[in-house]
Number of protein chains: 4
Amino acid sequence: MNKNRLEAFSDGVFAIIITIMVLEIKIPHGETFAALTPLLPVFLSYILSFIYVGIYWNNHHHLLQSSKNVSGNILWANLHLLFWLSLLPFATGWTGENHFAPATMALYGFILMMAGLAWWILQNKLIATNGKDSVLAKAVGGHRLKEIISPIGYAIGIACSFWHTWISGCLYIFVATVWLVPDRRIEKTINNP
Amino acid sequence: MNKNRLEAFSDGVFAIIITIMVLEIKIPHGETFAALTPLLPVFLSYILSFIYVGIYWNNHHHLLQSSKNVSGNILWANLHLLFWLSLLPFATGWTGENHFAPATMALYGFILMMAGLAWWILQNKLIATNGKDSVLAKAVGGHRLKEIISPIGYAIGIACSFWHTWISGCLYIFVATVWLVPDRRIEKTINNP
Amino acid sequence: MNKNRLEAFSDGVFAIIITIMVLEIKIPHGETFAALTPLLPVFLSYILSFIYVGIYWNNHHHLLQSSKNVSGNILWANLHLLFWLSLLPFATGWTGENHFAPATMALYGFILMMAGLAWWILQNKLIATNGKDSVLAKAVGGHRLKEIISPIGYAIGIACSFWHTWISGCLYIFVATVWLVPDRRIEKTINNP
Amino acid sequence: MNKNRLEAFSDGVFAIIITIMVLEIKIPHGETFAALTPLLPVFLSYILSFIYVGIYWNNHHHLLQSSKNVSGNILWANLHLLFWLSLLPFATGWTGENHFAPATMALYGFILMMAGLAWWILQNKLIATNGKDSVLAKAVGGHRLKEIISPIGYAIGIACSFWHTWISGCLYIFVATVWLVPDRRIEKTINNP
């Protein structure tokens with residue numbers, strides 16, 4: 001019951017974040033296809049951010065599904081995650097409008113990194129609440145390769161943004177690809193506990 | 001349970017898409033009815049897009065109601081559909097503000113086509129997950145006239161947009177009319193399996 | 001089940017309509033209280049529209065609570081209602097920014113009238129689906145004073161807007177006051193069937 | 001059932017309020033970190049407002065969880081709360097863009113105060129509906145220190161805003177800190193009735 005409302009509120013915020021990003025793709029004044037070309041960088045950054053929010057929603061879905069208890073501090077850990085994700089539309093628009101300029105790519109990576117950190121905190125708090133023998137703990141407790149790759153990818157991405165921004169872009173895309181597969185570990189453990 | 005949250009998130013995105021489109025109808029500076037006339041094309045495109053999103057929401061509702069199981073790749077097929085629908089407010093505003101100029105009508109049709117393709121993928125994945133003998137499969141498995149008419153309508157619409165844009169407009173309205181009737185096939189099969 | 005998702009989607013649209021109206025109250029450039037005075041008409045129209053959307057949400061809540069069955073054409077009657085309500089933020093902003101100019105007050109009343117008509121259609125379709133002996137039919141079937149007062153109030157309001165706009169304003173406020181009381185008829189009949 | 005829809009609608013409004021505030025952080029034209037510095041005040045006010053909306057959502061969650069019955073006037077008491085919270089994005093943007101100027105800080109405090117008053121009314125109406133012996137009444141009926149501190153904090157904050165705005169800021173942050181802890185009283189009483 002408790003959990004349901006946390007999910008409903010998070011779903012609302014996820015849905016709004018993913019949709020207001022599209023408002024950054026401002027309608028051009030021209031009426032030809034040529035008028036669309038300046039929008040290409042904004043559109044590309046929109047696609048990547050859409051995928052990231054989709055990944056977070058997907059994994060959030062799996063994470064909470066395998067949780068039984070939700071306490072007060074988990075509500076705040078969840079809000080902390082939503083706070084960083086709520087800044088993603090800003091970073092997306094800024095980097096898109098400035099054709100992936102160094103500072104904008106660094107900020108984009110920084111927000112991804114903070115969202116990743118907030119996710120990690122939320123996951124740990126959920127494991128602590130549900131116990132080390134819970135379905136959740138077992139599922140997450142396997143190999144944590146993805147959890148290690150992500151911050152490294154973001155960190156190198158932020159560092160490289162002042163050198164070659166395309167490396168940063170590739171790294172952010174790479175981390176998204178790694179996460180695209182929903183947490184099969186959890187799904188498996190639920191089905192075969 | 002799984003399914004409920006997919007529905008809740010999709011409902012949120014549908015609700016936001018349908019509502020932010022109205023933000024493209026910018027408040028005019030004049031205070032007379034004459035000040036409203038330049039808004040007429042935007043308003044007309046808003047009505048059509050509102051109906052299209054309504055059709056998708058309606059059919060999405062029927063589709064998921066007859067589905068029992070939702071797997072990880074269905075979450076992504078669903079996000080793929082929402083991605084193309086999230087671009088509809090942009091296409092709606094662009095074509096409305098440019099009085100249905102050729103390129104804008106072609107883009108509008110292209111986004112409708114891609115949303116239709118995403119819908120078709122989602123439907124097939126749901127059938128694959130629920131099995132060929134499921135309520136869903138039987139319901140959808142009847143005549144697929146609508147599924148054939150839509151892409152043809154969009155394709156001719158896109159092609160005609162550079163010749164006579166009003167043909168494109170009529171075709172997009174025609175396809176919407178075909179779909180306006182909710183999928184009675186599914187409704188029937190649920191009630192009389 | 002069917003009904004739940006209709007409610008969830010409508011709640012989403014109601015929530016967004018009520019919230020995006022506040023975006024019409026544009027942040028002023030000045031930093032003194034004097035900078036807020038030009039916003040007063042927009043703020044007043046915001047309050048009235050907020051109350052109207054609140055009334056619709058409240059009554060929508062009561063109407064669907066006493067309904068058992070939801071058919072395909074009810075989904076569309078509901079979307080029709082949401083369509084007119086989605087235009088309320090536009091009418092609210094237009095009339096507020098133009099200090100309740102005649103044409104803007106007429107449009108505001110027209111949209112209220114169309115929303116009222118859409119409500120009346122939705123209510124009738126729900127009664128037709130649930131049967132004349134249903135809780136809903138009995139509840140609504142009492143005195144229909146409010147249903148008669150509203151369109152008359154709107155109609156006179158629209159007509160008077162070109163004569164004395166303050167009469168229109170008073171009428172729109174009056175109709176809202178009449179509706180402010182949630183449909184006690186329905187509530188009573190549910191508790192004492 | 002009644003209650004569920006009240007929660008769903010409120011969740012939607014909370015989610016939208018918390019997310020549209022981020023739209024006030026306008027994307028700067030420059031592409032360097034220096035272009036972000038003028039946004040710092042807006043960002044700081046965003047953080048505080050995000051926390052306030054989070055507090056209200058959290059406590060709303062706890063308040064309704066321990067309520068059994070929801071009557072018609074509670075729907076309006078709830079809408080009244082959402083009304084004042086819906087003005088928070090405006091106040092947040094105004095104070096942020098004007099670097100916490102006196103009038104803007106006073107308005108910010110005034111809206112917090114009115115939201116607090118609306119909360120107090122909602123809580124009292126829920127207690128009246130659920131009875132003085134309900135879980136809710138017992139939980140809230142303990143020490144009401146927080147309820148006394150908040151209005152005093154806001155009032156002094158408003159008064160000080162014309163003298164030293166930083167005192168107002170500190171007071172608003174202080175009140176938020178007091179409330180950050182979710183209402184453990186309620187949580188305790190539910191678990192050990």
# chains A, B, ... in the order shown; residues from 1 in each chain; ligands from 1
>>> interface_residues(of="chain B", to="chain D", cutoff="12 Å", atoms="only C-alpha atoms", output="PyMOL selection string")
chain B and resi 8-9+11-13+15-16
>>> write_last_selection(atoms="N, CA and C atoms", output="PDB file, in the first residue's frame")
ATOM      1  N   ALA B   8       0.010   2.509 -15.626  1.00  0.00           N
ATOM      2  CA  ALA B   8       0.027   3.788 -14.908  1.00  0.00           C
ATOM      3  C   ALA B   8       1.017   4.750 -15.568  1.00  0.00           C
ATOM      4  N   PHE B   9       2.201   4.246 -15.878  1.00  0.00           N
ATOM      5  CA  PHE B   9       3.217   5.093 -16.505  1.00  0.00           C
ATOM      6  C   PHE B   9       2.750   5.555 -17.879  1.00  0.00           C
ATOM      7  N   ASP B  11      -0.326   5.806 -18.973  1.00  0.00           N
ATOM      8  CA  ASP B  11      -1.414   6.768 -18.782  1.00  0.00           C
ATOM      9  C   ASP B  11      -0.865   8.148 -18.495  1.00  0.00           C
ATOM     10  N   GLY B  12       0.173   8.196 -17.648  1.00  0.00           N
ATOM     11  CA  GLY B  12       0.791   9.477 -17.337  1.00  0.00           C
ATOM     12  C   GLY B  12       1.330  10.147 -18.593  1.00  0.00           C
ATOM     13  N   VAL B  13       2.081   9.372 -19.392  1.00  0.00           N
ATOM     14  CA  VAL B  13       2.675   9.955 -20.609  1.00  0.00           C
ATOM     15  C   VAL B  13       1.578  10.358 -21.591  1.00  0.00           C
ATOM     16  N   ALA B  15      -1.466  11.247 -20.899  1.00  0.00           N
ATOM     17  CA  ALA B  15      -2.144  12.428 -20.351  1.00  0.00           C
ATOM     18  C   ALA B  15      -1.316  13.687 -20.583  1.00  0.00           C
ATOM     19  N   ILE B  16       0.005  13.567 -20.409  1.00  0.00           N
ATOM     20  CA  ILE B  16       0.857  14.749 -20.565  1.00  0.00           C
ATOM     21  C   ILE B  16       0.946  15.137 -22.036  1.00  0.00           C
TER      22      ILE B  16
END
>>> residues_around(residues="A:Thr129", least_positions_apart="3", cutoff="7 Å", atoms="only C-alpha atoms", output="JSON list (two decimals) with C-alpha atoms, in the first residue's frame")
[["chain", "number", "residue", "atom", "x", "y", "z"],
["A", 69, "ASN", "CA", 8.74, -2.87, 2.86],
["A", 125, "LYS", "CA", 18.51, 1.42, 1.56],
["A", 126, "LEU", "CA", 15.97, -0.97, 0.06]]
>>> select_by_dssp(residues="chain B", states="helix (DSSP H, G or I)", output="PyMOL selection string")
chain B and resi 2-24+33-65+72-86+88-97+102-130+135-140+145-160+165-180+184-191
>>> closest_residue(among="D:Ala103, D:Tyr108, D:Gly54, D:Glu97", to="C:Ile27", atoms="only C-alpha atoms")
D:Glu97
>>> residues_around(residues="B:Leu87", least_positions_apart="2", cutoff="12 Å", atoms="only C-alpha atoms", output="PyMOL selection string")
(chain A and resi 18-27+43+46-47+50) or (chain B and resi 13-14+17-18+20-21+49+53+80-85+89-94+107-112+114-115)
>>> atom_distance(atom1="atom CA of C:Thr32", atom2="atom CA of D:Pro28")
24.5 Å
>>> closest_residue(among="D:Ser134, D:Thr104, D:Asn78, D:Asn4", to="C:Leu36", atoms="only C-alpha atoms")
D:Thr104
>>> closest_residue(among="C:Leu79, C:Ala106, C:Leu63, C:Leu44", to="C:Phe162", atoms="only C-alpha atoms")
C:Ala106
>>> residues_around(residues="A:Val175", least_positions_apart="5", cutoff="12 Å", atoms="only C-alpha atoms", output="VMD selection string")
chain A and resid 48 51 to 52 55 109 112 to 113 116 145 to 157 168 to 170 180 to 181
>>> atom_distance(atom1="atom CA of A:Leu40", atom2="atom CA of A:Asn58")
26.7 Å
>>> atom_distance(atom1="atom CA of C:Ile121", atom2="atom CA of C:Ala77")
6.8 Å
>>> residues_around(residues="C:Gly96", least_positions_apart="3", cutoff="7 Å", atoms="only C-alpha atoms", output="PyMOL selection string")
chain C and resi 41-42+45+92-93+99-100
>>> decode(residues="stretch 124-139 of chain C", atoms="N, CA and C atoms", output="CSV table (one decimal), in the first residue's frame")
chain,number,residue,atom,x,y,z
C,124,ASN,N,-25.3,11.0,-19.4
C,124,ASN,CA,-26.4,10.2,-20.0
C,124,ASN,C,-25.9,8.9,-20.5
C,125,LYS,N,-24.7,8.9,-21.1
C,125,LYS,CA,-24.1,7.6,-21.6
C,125,LYS,C,-23.9,6.6,-20.5
C,126,LEU,N,-23.4,7.2,-19.3
C,126,LEU,CA,-23.2,6.3,-18.2
C,126,LEU,C,-24.5,5.7,-17.6
C,127,ILE,N,-25.6,6.6,-17.6
C,127,ILE,CA,-26.9,6.1,-17.2
C,127,ILE,C,-27.4,5.0,-18.1
C,128,ALA,N,-27.2,5.3,-19.5
C,128,ALA,CA,-27.7,4.3,-20.5
C,128,ALA,C,-26.9,3.0,-20.3
C,129,THR,N,-25.6,3.0,-20.0
C,129,THR,CA,-24.9,1.8,-19.8
C,129,THR,C,-25.2,1.0,-18.5
C,130,ASN,N,-25.4,1.8,-17.4
C,130,ASN,CA,-25.6,1.2,-16.1
C,130,ASN,C,-27.1,0.8,-15.9
C,131,GLY,N,-28.0,1.3,-16.7
C,131,GLY,CA,-29.4,0.9,-16.6
C,131,GLY,C,-30.2,2.0,-15.8
C,132,LYS,N,-31.5,2.1,-16.0
C,132,LYS,CA,-32.3,3.1,-15.4
C,132,LYS,C,-32.5,2.8,-13.9
C,133,ASP,N,-32.3,1.6,-13.5
C,133,ASP,CA,-32.5,1.2,-12.1
C,133,ASP,C,-31.2,1.2,-11.3
C,134,SER,N,-30.1,1.7,-11.9
C,134,SER,CA,-28.8,1.7,-11.2
C,134,SER,C,-28.8,2.8,-10.2
C,135,VAL,N,-27.8,2.7,-9.3
C,135,VAL,CA,-27.5,3.7,-8.2
C,135,VAL,C,-27.4,5.0,-8.9
C,136,LEU,N,-26.6,5.0,-10.0
C,136,LEU,CA,-26.3,6.3,-10.7
C,136,LEU,C,-27.5,7.0,-11.2
C,137,ALA,N,-28.4,6.2,-11.9
C,137,ALA,CA,-29.6,6.7,-12.5
C,137,ALA,C,-30.5,7.3,-11.4
C,138,LYS,N,-30.7,6.6,-10.3
C,138,LYS,CA,-31.5,7.1,-9.2
C,138,LYS,C,-31.0,8.4,-8.6
C,139,ALA,N,-29.7,8.4,-8.4
C,139,ALA,CA,-29.0,9.6,-7.8
C,139,ALA,C,-29.2,10.8,-8.7
